>>> print(open('my_file-v7.pdb').read())   # PDB, C-alpha atoms
ATOM      1  CA  MET Y   1      -4.164 -22.656   4.031
ATOM      2  CA  PRO Y   2      -7.855 -23.199   4.897
ATOM      3  CA  ASN Y   3     -10.046 -20.213   5.534
ATOM      4  CA  GLU Y   4     -10.325 -19.879   9.307
ATOM      5  CA  THR Y   5     -12.456 -16.772   9.467
ATOM      6  CA  SER Y   6     -15.256 -16.489  11.966
ATOM      7  CA  ARG Y   7     -17.731 -15.558   9.210
ATOM      8  CA  PRO Y   8     -18.839 -17.788   6.347
ATOM      9  CA  ARG Y   9     -16.947 -17.585   3.075
ATOM     10  CA  GLY Y  10     -18.458 -14.907   0.849
ATOM     11  CA  ASP Y  11     -20.215 -13.121   3.699
ATOM     12  CA  PRO Y  12     -19.984  -9.442   2.683
ATOM     13  CA  ARG Y  13     -20.450  -8.094   6.243
ATOM     14  CA  GLY Y  14     -17.076  -6.528   6.784
ATOM     15  CA  THR Y  15     -13.583  -7.452   7.812
ATOM     16  CA  ALA Y  16     -12.703 -11.014   8.691
ATOM     17  CA  VAL Y  17     -11.427 -11.851  12.142
ATOM     18  CA  ARG Y  18      -9.430 -15.043  12.226
ATOM     19  CA  LYS Y  19      -9.880 -17.462  15.085
ATOM     20  CA  GLY Y  20      -7.112 -17.799  17.632
ATOM     21  CA  THR Y  21      -5.298 -15.707  20.175
ATOM     22  CA  PRO Y  22      -3.583 -12.403  19.430
ATOM     23  CA  HIS Y  23      -0.233 -14.093  20.088
ATOM     24  CA  GLU Y  24      -0.999 -16.799  17.486
ATOM     25  CA  HIS Y  25      -1.861 -14.132  14.916
ATOM     26  CA  ALA Y  26       1.304 -12.165  15.551
ATOM     27  CA  GLN Y  27       3.468 -15.258  15.234
ATOM     28  CA  SER Y  28       1.673 -16.576  12.147
ATOM     29  CA  GLY Y  29       2.009 -13.299  10.256
ATOM     30  CA  HIS Y  30      -1.780 -13.109   9.862
ATOM     31  CA  GLY Y  31      -2.427 -10.307  12.296
ATOM     32  CA  ASP Y  32      -0.948  -7.346  14.016
ATOM     33  CA  GLY Y  33      -0.846  -8.840  17.487
ATOM     34  CA  ASP Y  34      -4.251  -7.620  18.638
ATOM     35  CA  GLY Y  35      -6.262 -10.433  17.036
ATOM     36  CA  ARG Y  36      -7.445  -8.414  14.042
ATOM     37  CA  VAL Y  37      -6.859  -9.449  10.474
ATOM     38  CA  ALA Y  38      -7.819  -7.154   7.670
ATOM     39  CA  GLY Y  39      -9.187  -9.160   4.755
ATOM     40  CA  GLY Y  40      -6.254 -11.521   4.552
ATOM     41  CA  ARG Y  41      -2.518 -10.979   4.679
ATOM     42  CA  GLY Y  42      -2.107  -7.562   3.066
ATOM     43  CA  ARG Y  43      -2.380  -4.156   4.723
ATOM     44  CA  ARG Y  44      -2.088  -0.678   3.266
ATOM     45  CA  ASP Y  45      -1.240   2.725   4.691
ATOM     46  CA  ARG Y  46      -3.900   5.395   5.048
ATOM     47  CA  PRO Y  47      -2.306   8.433   3.370
ATOM     48  CA  GLY Y  48      -1.136  11.184   5.681
ATOM     49  CA  THR Y  49      -2.176   9.570   8.955
ATOM     50  CA  GLY Y  50       0.637   7.160   9.688
ATOM     51  CA  ARG Y  51      -2.078   4.571  10.369
ATOM     52  CA  GLU Y  52      -2.692   1.427   8.395
ATOM     53  CA  ARG Y  53      -5.940   0.731   6.614
ATOM     54  CA  PRO Y  54      -7.096  -2.810   5.843
ATOM     55  CA  TYR Y  55      -6.622  -4.275   2.405
ATOM     56  CA  PHE Y  56      -9.623  -6.395   1.492
ATOM     57  CA  GLY Y  57      -8.877  -8.030  -1.821
ATOM     58  CA  ILE Y  58      -7.276 -10.954  -3.631
ATOM     59  CA  ASP Y  59      -3.969 -11.654  -1.943
ATOM     60  CA  GLY Y  60      -1.153 -14.159  -1.944
ATOM     61  CA  GLY Y  61       2.355 -14.916  -0.846
ATOM     62  CA  GLY Y  62       4.816 -17.725  -1.436
ATOM     63  CA  ALA Y  63       3.944 -20.204  -4.179
ATOM     64  CA  VAL Y  64       1.303 -18.817  -6.548
ATOM     65  CA  THR Y  65      -0.345 -22.240  -6.894
ATOM     66  CA  ASN Y  66      -1.942 -21.831  -3.469
ATOM     67  CA  ASP Y  67      -2.689 -18.092  -3.575
ATOM     68  CA  TRP Y  68      -6.416 -18.334  -4.230
ATOM     69  CA  GLU Y  69      -7.426 -21.127  -1.844
ATOM     70  CA  ASP Y  70      -8.740 -18.719   0.809
ATOM     71  CA  GLU Y  71     -10.528 -16.153  -1.357
ATOM     72  CA  GLU Y  72     -14.109 -14.996  -0.882
ATOM     73  CA  ASN Y  73     -17.145 -16.188  -2.809
ATOM     74  CA  LEU Y  74     -18.074 -13.931  -5.721
ATOM     75  CA  GLY Y  75     -21.531 -13.600  -7.215
ATOM     76  CA  VAL Y  76     -24.557 -11.430  -7.830
ATOM     77  CA  GLU Y  77     -25.217 -11.259  -4.066
ATOM     78  CA  ALA Y  78     -21.659 -11.680  -2.717
ATOM     79  CA  TYR Y  79     -19.301  -8.842  -3.704
ATOM     80  CA  PRO Y  80     -21.126  -8.037  -6.974
ATOM     81  CA  LYS Y  81     -18.850  -5.095  -7.912
ATOM     82  CA  GLY Y  82     -15.105  -4.876  -7.477
ATOM     83  CA  ASN Y  83     -11.750  -5.368  -9.094
ATOM     84  CA  ALA Y  84     -11.773  -8.914  -7.690
ATOM     85  CA  ILE Y  85     -14.681  -9.552 -10.093
ATOM     86  CA  ALA Y  86     -12.535  -8.178 -12.931
ATOM     87  CA  LEU Y  87      -9.828 -10.683 -11.976
ATOM     88  CA  TRP Y  88     -12.388 -13.506 -12.157
ATOM     89  CA  GLU Y  89     -13.784 -12.194 -15.459
ATOM     90  CA  THR Y  90     -10.218 -12.223 -16.818
ATOM     91  CA  VAL Y  91     -10.023 -15.931 -15.934
ATOM     92  CA  LEU Y  92     -13.307 -16.545 -17.794
ATOM     93  CA  TRP Y  93     -12.011 -14.695 -20.861
ATOM     94  CA  ALA Y  94      -8.702 -16.582 -20.724
ATOM     95  CA  ASP Y  95     -10.552 -19.906 -20.776
ATOM     96  CA  GLY Y  96     -12.823 -18.894 -23.667
ATOM     97  CA  ALA Y  97     -15.975 -19.037 -21.531
ATOM     98  CA  LEU Y  98     -19.399 -18.765 -23.115
ATOM     99  CA  TRP Y  99     -22.534 -17.147 -21.713
ATOM    100  CA  GLU Y 100     -26.176 -17.742 -22.638
ATOM    101  CA  ASP Y 101     -28.260 -14.749 -23.731
ATOM    102  CA  ASP Y 102     -32.033 -14.290 -23.267
ATOM    103  CA  GLU Y 103     -32.769 -16.112 -26.538
ATOM    104  CA  GLY Y 104     -30.749 -19.177 -25.497
ATOM    105  CA  GLU Y 105     -27.814 -18.345 -27.807
ATOM    106  CA  TRP Y 106     -24.315 -19.015 -26.506
ATOM    107  CA  ARG Y 107     -21.927 -16.100 -26.928
ATOM    108  CA  PRO Y 108     -18.208 -15.780 -26.177
ATOM    109  CA  PHE Y 109     -17.247 -13.892 -23.036
ATOM    110  CA  LYS Y 110     -15.259 -10.964 -24.437
ATOM    111  CA  LYS Y 111     -12.423  -8.856 -23.114
ATOM    112  CA  SER Y 112     -14.757  -5.838 -23.145
ATOM    113  CA  GLN Y 113     -16.891  -7.602 -20.514
ATOM    114  CA  ILE Y 114     -14.074  -7.468 -17.926
ATOM    115  CA  ASP Y 115     -15.696  -4.572 -16.067
ATOM    116  CA  GLY Y 116     -15.740  -5.608 -12.402
ATOM    117  CA  SER Y 117     -19.519  -6.102 -12.294
ATOM    118  CA  PHE Y 118     -20.943  -9.562 -11.613
ATOM    119  CA  GLY Y 119     -23.992  -9.358 -13.849
ATOM    120  CA  PRO Y 120     -25.990 -12.045 -15.671
ATOM    121  CA  GLU Y 121     -23.327 -12.550 -18.369
ATOM    122  CA  THR Y 122     -20.575 -13.164 -15.799
ATOM    123  CA  GLU Y 123     -22.907 -15.432 -13.833
ATOM    124  CA  SER Y 124     -23.772 -17.481 -16.934
ATOM    125  CA  ALA Y 125     -20.114 -17.656 -18.031
ATOM    126  CA  THR Y 126     -19.160 -18.832 -14.530
ATOM    127  CA  GLN Y 127     -21.752 -21.630 -14.742
ATOM    128  CA  TRP Y 128     -20.354 -22.636 -18.134
ATOM    129  CA  TRP Y 129     -16.785 -22.540 -16.766
ATOM    130  CA  GLN Y 130     -17.687 -24.662 -13.720
ATOM    131  CA  SER Y 131     -19.496 -27.209 -15.897
ATOM    132  CA  LYS Y 132     -16.596 -27.381 -18.359
ATOM    133  CA  HIS Y 133     -14.174 -28.168 -15.544
ATOM    134  CA  ASN Y 134     -16.522 -30.674 -13.836
ATOM    135  CA  LEU Y 135     -16.912 -28.506 -10.747
ATOM    136  CA  PRO Y 136     -20.011 -28.445  -8.527
ATOM    137  CA  GLU Y 137     -22.978 -26.435  -9.815
ATOM    138  CA  THR Y 138     -23.256 -23.301  -7.667
ATOM    139  CA  ASP Y 139     -25.744 -21.168  -9.620
ATOM    140  CA  GLY Y 140     -22.862 -19.156 -11.042
ATOM    141  CA  VAL Y 141     -21.275 -18.249  -7.706
ATOM    142  CA  VAL Y 142     -17.475 -18.449  -7.570
ATOM    143  CA  VAL Y 143     -16.795 -20.694  -4.564
ATOM    144  CA  SER Y 144     -13.720 -22.357  -3.083
ATOM    145  CA  GLU Y 145     -13.720 -25.222  -5.609
ATOM    146  CA  SER Y 146     -13.577 -22.693  -8.455
ATOM    147  CA  TRP Y 147     -10.720 -20.747  -6.863
ATOM    148  CA  ASP Y 148      -8.869 -23.986  -6.052
ATOM    149  CA  PHE Y 149      -9.101 -25.222  -9.639
ATOM    150  CA  ALA Y 150      -8.152 -21.854 -11.149
ATOM    151  CA  GLN Y 151      -5.054 -21.485  -8.981
ATOM    152  CA  THR Y 152      -3.608 -24.725 -10.402
ATOM    153  CA  ARG Y 153      -3.136 -22.783 -13.658
ATOM    154  CA  LEU Y 154      -1.115 -19.972 -12.121
ATOM    155  CA  GLN Y 155       2.572 -19.548 -12.871
ATOM    156  CA  SER Y 156       5.016 -17.021 -11.444
ATOM    157  CA  LEU Y 157       6.997 -14.965 -13.973
ATOM    158  CA  PRO Y 158       9.670 -12.281 -13.514
ATOM    159  CA  GLY Y 159       8.619  -8.741 -12.633
ATOM    160  CA  ASN Y 160       5.898  -9.679 -10.104
ATOM    161  CA  ILE Y 161       3.813 -11.165 -12.922
ATOM    162  CA  VAL Y 162       1.493 -14.095 -12.239
ATOM    163  CA  GLN Y 163       0.269 -15.749 -15.421
ATOM    164  CA  TYR Y 164      -2.977 -17.683 -15.719
ATOM    165  CA  LYS Y 165      -2.622 -20.360 -18.392
ATOM    166  CA  GLY Y 166      -6.057 -20.350 -19.984
ATOM    167  CA  ASP Y 167      -7.564 -22.715 -22.537
ATOM    168  CA  ALA Y 168      -7.977 -19.908 -25.097
ATOM    169  CA  ARG Y 169      -5.160 -17.544 -24.070
ATOM    170  CA  ASN Y 170      -2.744 -16.784 -21.255
ATOM    171  CA  VAL Y 171      -3.369 -13.659 -19.190
ATOM    172  CA  ASN Y 172      -1.222 -11.801 -16.701
ATOM    173  CA  PHE Y 173      -1.881 -10.406 -13.252
ATOM    174  CA  LYS Y 174       0.557  -8.665 -10.934
ATOM    175  CA  ARG Y 175       1.289  -9.573  -7.330
ATOM    176  CA  VAL Y 176       2.935  -6.703  -5.469
ATOM    177  CA  GLY Y 177       3.400  -6.767  -1.712
ATOM    178  CA  GLY Y 178       1.067  -9.769  -1.488
ATOM    179  CA  LYS Y 179      -1.748  -7.939  -3.323
ATOM    180  CA  TYR Y 180      -3.053  -9.077  -6.688
ATOM    181  CA  GLN Y 181      -3.539  -6.466  -9.386
ATOM    182  CA  VAL Y 182      -5.676  -6.636 -12.512
ATOM    183  CA  LYS Y 183      -6.428  -4.471 -15.550
ATOM    184  CA  LEU Y 184     -10.053  -3.651 -16.361
ATOM    185  CA  LYS Y 185     -10.874  -4.932 -19.852
ATOM    186  CA  ASN Y 186      -7.288  -6.318 -19.696
ATOM    187  CA  VAL Y 187      -5.868  -2.891 -20.654
ATOM    188  CA  GLY Y 188      -4.736   0.272 -18.887
ATOM    189  CA  PRO Y 189      -3.152   0.658 -15.471
ATOM    190  CA  TRP Y 190      -2.880  -2.092 -12.868
ATOM    191  CA  LYS Y 191      -5.529  -1.906 -10.117
ATOM    192  CA  ASN Y 192      -5.514  -3.697  -6.769
ATOM    193  CA  ALA Y 193      -8.053  -6.523  -6.868
ATOM    194  CA  HIS Y 194     -10.312  -5.194  -4.098
ATOM    195  CA  TYR Y 195     -13.559  -7.005  -3.334
ATOM    196  CA  ARG Y 196     -15.610  -3.808  -3.025
ATOM    197  CA  THR Y 197     -13.889  -1.229  -5.271
ATOM    198  CA  VAL Y 198     -14.020  -0.962  -9.073
ATOM    199  CA  GLY Y 199     -11.436   1.086 -10.910
TER     200      GLY Y 199
END
>>> encode(input="my_file-v7.pdb", output="structure tokens")
Amino acid sequence: MPNETSRPRGDPRGTAVRKGTPHEHAQSGHGDGDGRVAGGRGRRDRPGTGRERPYFGIDGGGAVTNDWEDEENLGVEAYPKGNAIALWETVLWADGALWEDDEGEWRPFKKSQIDGSFGPETESATQWWQSKHNLPETDGVVVSESWDFAQTRLQSLPGNIVQYKGDARNVNFKRVGGKYQVKLKNVGPWKNAHYRTVG
């Protein structure tokens, strides 16, 4: 489904509001009937209040091979820290991405670099990954073409597991209630893949 938000993709200025009438949103399942959509399809309860709080992270429903087509841009200036970055870094690690250091040496992107921070190593590895897959050069920003290509390698497994079939290794994510979950450094507890929260 194309991104129909009223703000440009990757714009970090808050919650998306999809175009259309409140009735259209209620019928499409993309809103709560008042025209508001909170960062995609998922919503989460605010503890103790009985009120819902928006979920703003990697989400999906239905076939996993089209889960990532409406995700936000990621980069140094667009959502530079968050579990969504850790999800992307896991993709880079799975594909055996390389990054260029200050001396011009190419180094493997390691599992220990899956930290949810879009720094120069993640940016360089993203450029390498995009070049390897013949995707448009975007100065290391993860854009729709990157998400679209990556989602073609997703496969649904039992137990809410979504596997990314990488060139170097396969990695697992979880999809629970429409929300993607990731493990920092690919170990430890599952964390919702929020755009603005690490850990």
>>> resolve_selection(input="my_file-v7.pdb", expression="the PyMOL selection byres ((chain Y and resi 165) around 10)", output="short mmCIF file (atom, residue, chain, number, x, y, z; two decimals) with C-alpha atoms, keeping the file's coordinate frame")
data_model
loop_
_atom_site.label_atom_id
_atom_site.label_comp_id
_atom_site.auth_asym_id
_atom_site.auth_seq_id
_atom_site.Cartn_x
_atom_site.Cartn_y
_atom_site.Cartn_z
CA VAL Y 91 -10.02 -15.93 -15.93
CA ALA Y 94 -8.70 -16.58 -20.72
CA ASP Y 95 -10.55 -19.91 -20.78
CA ALA Y 150 -8.15 -21.85 -11.15
CA GLN Y 151 -5.05 -21.48 -8.98
CA THR Y 152 -3.61 -24.72 -10.40
CA ARG Y 153 -3.14 -22.78 -13.66
CA LEU Y 154 -1.12 -19.97 -12.12
CA GLN Y 155 2.57 -19.55 -12.87
CA VAL Y 162 1.49 -14.10 -12.24
CA GLN Y 163 0.27 -15.75 -15.42
CA TYR Y 164 -2.98 -17.68 -15.72
CA GLY Y 166 -6.06 -20.35 -19.98
CA ASP Y 167 -7.56 -22.72 -22.54
CA ALA Y 168 -7.98 -19.91 -25.10
CA ARG Y 169 -5.16 -17.54 -24.07
CA ASN Y 170 -2.74 -16.78 -21.26
CA VAL Y 171 -3.37 -13.66 -19.19
CA ASN Y 172 -1.22 -11.80 -16.70
#
>>> atom_distance(input="my_file-v7.pdb", atom1="CA of Asn73 (chain Y)", atom2="CA of Ala97 (chain Y)")
19.0 Å
>>> residues_around(input="my_file-v7.pdb", residues="region 122-126 of chain Y", least_positions_apart="3", cutoff="8 Å", atoms="only C-alpha atoms", output="ChimeraX atom specification")
/Y:75-76,89,92,97-100,109,117-119,129-130,139-142
>>> atom_distance(input="my_file-v7.pdb", atom1="CA of Gln181 (chain Y)", atom2="CA of Pro80 (chain Y)")
17.8 Å
>>> closest_residue(input="my_file-v7.pdb", among="Y:Tyr79, Y:Trp68, Y:Gly159, Y:Gly199", to="Val182 (chain Y)", atoms="only C-alpha atoms")
Y:Gly199
